[in-house]
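Asker: Sharing a structure with you now.
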Amino acid sequence: MTEEQHLREYTKALKAILPKHFFEPVPARMMYLPIFVGLFVVCAWGIVATPLVLLKLLLSFGAGYAFVGMGFLAHEILHGAVTKNPLVRSIAGTIAFLPLLVGARLWRKWHNVEHHGHTQHPHDDPDAMGTLEVAQQKPIFQWFFRQAPAFRSLFLFSSFTFWFSFHAHMMLRRFLPEFKPHERRVVIFQAILPYLVWLGVLLLVGPLNFLFVFVLPWVIANFIAMSFIATNHLLNPVTETNDPLMNSLTVRNPRWLEWLTLGFGLHVEHHIFPVLSPKYAHIVAAKIKELWPQRYNELPHWKALYYLWKTPRLYRDHRNLIEPTSGKVFGTMGFGLPERVQQHKRARINARAVGKKRRRSS
């Protein structure tokens with residue numbers, strides 16, 4: 001893989017061989033919304049009703065799954081993959097994003113327009129990681145990237161517990177000035193609404209139960225969502241051209257787990273056809289592999305997380321990541337990853353073996 005291809009080259013080729021109904025909304029997917037809301041209500045009722053802390057904790061995980069499921073569904077709804085009706089889409093998306101504290105209108109600007117329109121562009125994608133050049137200009141980044149790699153990886157994975165919602169707050173500050181005055185009122189209302197809803201829940205259930213009803217499920221949902229979002233792009237090269245086979249990664253799980261997470265991990269397919277229902281993503285994945293087998297990026301989810309831990313988050317250039325404390329360079333997907341991670345691992349093992357031999361001989 002060397003040259004970037006534009007998104008339209010893939011869409012044109014695939015639309016010629018895929019059924020037309022693949023590009024129509026699938027309204028039946030909306031049934032997930034009352035299912036997830038119902039699961040949360042049952043778990044919340046159980047948390048309030050039981051005096052057993054262990055059972056409260058167990059039910060929190062059920063509520064956490066309901067939260068992240070609603071987040072995945074909100075993503076699907078707001079892309080138009082469930083309904084074309086703008087009012088229904090807005091209301092359903094707003095409800096589904098309540099647990100993650102994200103407004104539907106902001107999401108459509110930040111994610112649908114900016115992220116999808118400029119995926120992995122070094123300057124224009126609001127979700128892309130920084131370059132070495134940018135990091136050297138900011139004191140806080142300079143301090144952070146002087147820390148040990150293991151500390152930085154631990155911080156990255158720990159931040160998954162809150163980052164999605166925190167990043168949404170940053171995107172609100174970034175994009176609010178770009179909305180027209182009448183749109184800003186909607187964006188601000190949708191930003192405040194989740195906090196009002198959860199404040200009402202706090203007053204209803206009390207502080208201790210609120211910890212299990214909302215806080216812990218929110219942490220769980222953020223972590224699961226970010227475990228997908230971070231692996232979907234942060235191991236890929238940055239691109240000037242929007243080339244989803246180069247700048248996106250599909251992460252695979254057992255089929256039952258992909259069903260539970262609404263197929264969110266099939267991300268290359270999503271970036272080629274954002275309005276495509278995940279219901280058809282597996283079929284589209286097979287077609288992409290047939291047409292561009294050397295360009296398609298796919299990893300097991302656990303392995304993508306492992307590589308995310310082992311590689312730095314600074315781009316030396318469009319194709320390579322750099323470890324600033326040692327100067328080691330790691331390739332990105334299609335440009336040396338995962339091979340280069342394994343080379344560094346073997347080099348460390350060999351270095352340890354040589355060190356042991358020297359200590360024995362002395």
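By order of appearance in the structure tokens: chains A, B, ..., then residues from 1 within every chain, and ligands from 1 in the order shown.
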Return as number ranges by chain the full set of residues in segment 186-362 of chain A whose backbone-based DSSP assignment is strand (DSSP E).

Answerer: A: 250-252, 298-300, 320-322, 329-331

Asker: Would you save the residues of that selection, restricted to N, CA and C atoms, as an mmCIF file, in the first residue's frame?

Answerer:
```cif
data_model
loop_
_atom_site.group_PDB
_atom_site.id
_atom_site.type_symbol
_atom_site.label_atom_id
_atom_site.label_comp_id
_atom_site.auth_asym_id
_atom_site.auth_seq_id
_atom_site.Cartn_x
_atom_site.Cartn_y
_atom_site.Cartn_z
ATOM 1 N N THR A 250 -10.863 -1.868 10.692
ATOM 2 C CA THR A 250 -11.957 -2.696 11.189
ATOM 3 C C THR A 250 -11.417 -3.595 12.293
ATOM 4 N N VAL A 251 -12.079 -3.588 13.451
ATOM 5 C CA VAL A 251 -11.678 -4.472 14.546
ATOM 6 C C VAL A 251 -12.756 -5.538 14.718
ATOM 7 N N ARG A 252 -12.303 -6.786 14.809
ATOM 8 C CA ARG A 252 -13.224 -7.908 14.838
ATOM 9 C C ARG A 252 -13.291 -8.549 16.216
ATOM 10 N N GLU A 298 -7.567 -4.824 8.933
ATOM 11 C CA GLU A 298 -8.439 -5.547 9.856
ATOM 12 C C GLU A 298 -7.582 -6.222 10.920
ATOM 13 N N LEU A 299 -8.025 -6.140 12.181
ATOM 14 C CA LEU A 299 -7.341 -6.803 13.288
ATOM 15 C C LEU A 299 -8.373 -7.311 14.283
ATOM 16 N N PRO A 300 -8.053 -8.379 15.020
ATOM 17 C CA PRO A 300 -8.887 -8.708 16.180
ATOM 18 C C PRO A 300 -8.868 -7.525 17.149
ATOM 19 N N ASN A 320 4.416 7.172 9.892
ATOM 20 C CA ASN A 320 5.128 6.590 11.019
ATOM 21 C C ASN A 320 4.841 7.314 12.328
ATOM 22 N N LEU A 321 4.802 6.518 13.395
ATOM 23 C CA LEU A 321 4.710 7.034 14.748
ATOM 24 C C LEU A 321 6.113 7.073 15.343
ATOM 25 N N ILE A 322 6.335 7.978 16.298
ATOM 26 C CA ILE A 322 7.661 8.082 16.897
ATOM 27 C C ILE A 322 7.563 8.098 18.414
ATOM 28 N N VAL A 329 11.012 4.486 15.867
ATOM 29 C CA VAL A 329 9.933 4.733 14.913
ATOM 30 C C VAL A 329 9.105 3.468 14.755
ATOM 31 N N PHE A 330 7.792 3.632 14.788
ATOM 32 C CA PHE A 330 6.866 2.519 14.602
ATOM 33 C C PHE A 330 6.004 2.819 13.384
ATOM 34 N N GLY A 331 5.877 1.846 12.499
ATOM 35 C CA GLY A 331 5.020 2.018 11.342
ATOM 36 C C GLY A 331 3.554 2.008 11.732
#
```

Asker: At most 10 Å is the cut-off: for each residue in segment 62-145 of chain A with any atom that close to an atom of segment 182-190 of chain A, write down the nearest atom pair and the distance in Å rounded to one decimal, counting only C-alpha atoms, chain first then increasing number, as a Markdown table.

Answerer:
```
| residue | atom | partner | partner_atom | distance |
| --- | --- | --- | --- | --- |
| A:Thr94 | CA | A:Gln190 | CA | 7.2 |
| A:Ile95 | CA | A:Gln190 | CA | 9.9 |
| A:Phe97 | CA | A:Gln190 | CA | 9.8 |
| A:Leu98 | CA | A:Gln190 | CA | 9.0 |
| A:Leu101 | CA | A:Gln190 | CA | 8.9 |
| A:Val102 | CA | A:Gln190 | CA | 7.5 |
| A:Gly103 | CA | A:Gln190 | CA | 4.7 |
| A:Ala104 | CA | A:Gln190 | CA | 7.0 |
| A:Arg105 | CA | A:Val187 | CA | 5.9 |
| A:Leu106 | CA | A:Val187 | CA | 6.0 |
| A:Trp107 | CA | A:Val187 | CA | 9.5 |
```

Asker: Counting only C-alpha atoms, figure out which residue out of A:Val48, A:Ile224, A:Leu33, A:Met246 gets nearest to Val201 of chain A.

Answerer: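 Of all the options, A:Val48 lies closest to Val201 of chain A.
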
Asker: Considering only C-alpha atoms, can you say which of A:Pro99, A:Pro254, A:Pro244, A:Gly200 comes closest to Val215 of chain A?

Answerer: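 Ranked by minimum distance to Val215 of chain A, first place goes to A:Pro99.
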
Asker: Leaving out Val26 of chain A and any residue of its chain fewer than 4 positions from it, which residues lie within 12 Å of it when counting only C-alpha atoms, given as an MDAnalysis selection string?

Answerer: chainID A and resid 21:22 30:32 76:77 79:84 275:280

Asker: For Trp292 of chain A, which residue out of A:Leu245, A:Cys43, A:Met226, A:Met333 is the nearest one, using only C-alpha atoms?

Answerer: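 Of A:Leu245, A:Cys43, A:Met226, A:Met333, the one nearest Trp292 of chain A is A:Leu245, counting only C-alpha atoms.
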
Asker: Work out how far atom CA of Arg8 of chain A is from atom CA of Gly130 of chain A, in Å to one decimal.

Answerer: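 One can read the atom CA of Gly130 of chain A to atom CA of Arg8 of chain A distance as 26.6 Å.
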
Asker: Write out as a list in words the residues lying within 12 Å of Trp198 of chain A, counting only C-alpha atoms and excluding same-chain residues fewer than 5 positions away.

Answerer: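 Contacts, with the query itself left out: Leu98, Pro99, Leu100, Leu101, Ile192, Leu193, Leu203, Leu204, Val205, Gly206, Pro207, Phe210, Leu211, Val213, Phe214, Val215 and Trp218 of chain A.
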
Asker: How would the residues just chosen look if you wrote them out with C-alpha atoms as a compact mmCIF listing (two decimals), in the first residue's frame?

Answerer:
```txt
# COMPACT_ATOMS: atom_id res chain seq x y z
CA LEU A 98 -28.33 11.11 26.89
CA PRO A 99 -26.13 8.62 28.83
CA LEU A 100 -22.93 9.81 27.14
CA LEU A 101 -23.81 13.51 27.55
CA ILE A 192 -27.59 21.00 28.82
CA LEU A 193 -30.46 18.50 28.60
CA LEU A 203 -32.53 13.74 43.24
CA LEU A 204 -34.84 10.75 42.72
CA VAL A 205 -32.52 7.89 43.75
CA GLY A 206 -30.05 9.60 46.12
CA PRO A 207 -26.23 9.91 45.95
CA PHE A 210 -26.75 7.38 41.69
CA LEU A 211 -23.19 6.10 41.84
CA VAL A 213 -27.32 3.98 38.42
CA PHE A 214 -25.31 6.53 36.44
CA VAL A 215 -21.67 7.16 37.39
CA TRP A 218 -21.18 6.02 32.41
```

Asker: So which residues of segment 187-281 of chain A fall under helix (DSSP H, G or I) by DSSP, listed as a ChimeraX atom specification?

Answerer: /A:187-205,207-233,244-247,255-260,267-272,278-281

Asker: Tell me which protein, DNA and RNA residues are within 8 Å of Gly71 of chain A, counting only C-alpha atoms, leaving out same-chain ones fewer than 2 positions away, and put them as a ChimeraX atom specification.

Answerer: /A:67-69,73-75,96-97,99-100,225

Asker: Nearest residue to Gly64 of chain A out of A:Phe157, A:Lys20, A:Phe223, A:Gln142, using only C-alpha atoms?

Answerer: A:Phe223

Asker: Find the distance between atom CA of Leu196 of chain A and atom CA of Val219 of chain A and write it in Å to one decimal.

Answerer: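 So the two atoms, atom CA of Leu196 of chain A and atom CA of Val219 of chain A, lie 18.6 Å apart.
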
Asker: From the set A:His115, A:Ala281, A:Lys138, A:Pro312, which residue has the shortest atom-to-atom contact distance to Gly263 of chain A, counting only C-alpha atoms?

Answerer: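 Closest to Gly263 of chain A of all the choices is A:Ala281.
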
Asker: Rounded to one decimal place, report the atom CA of Phe40 of chain A-atom CA of Val197 of chain A distance in Å.

Answerer: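 So the answer is 14.2 Å.
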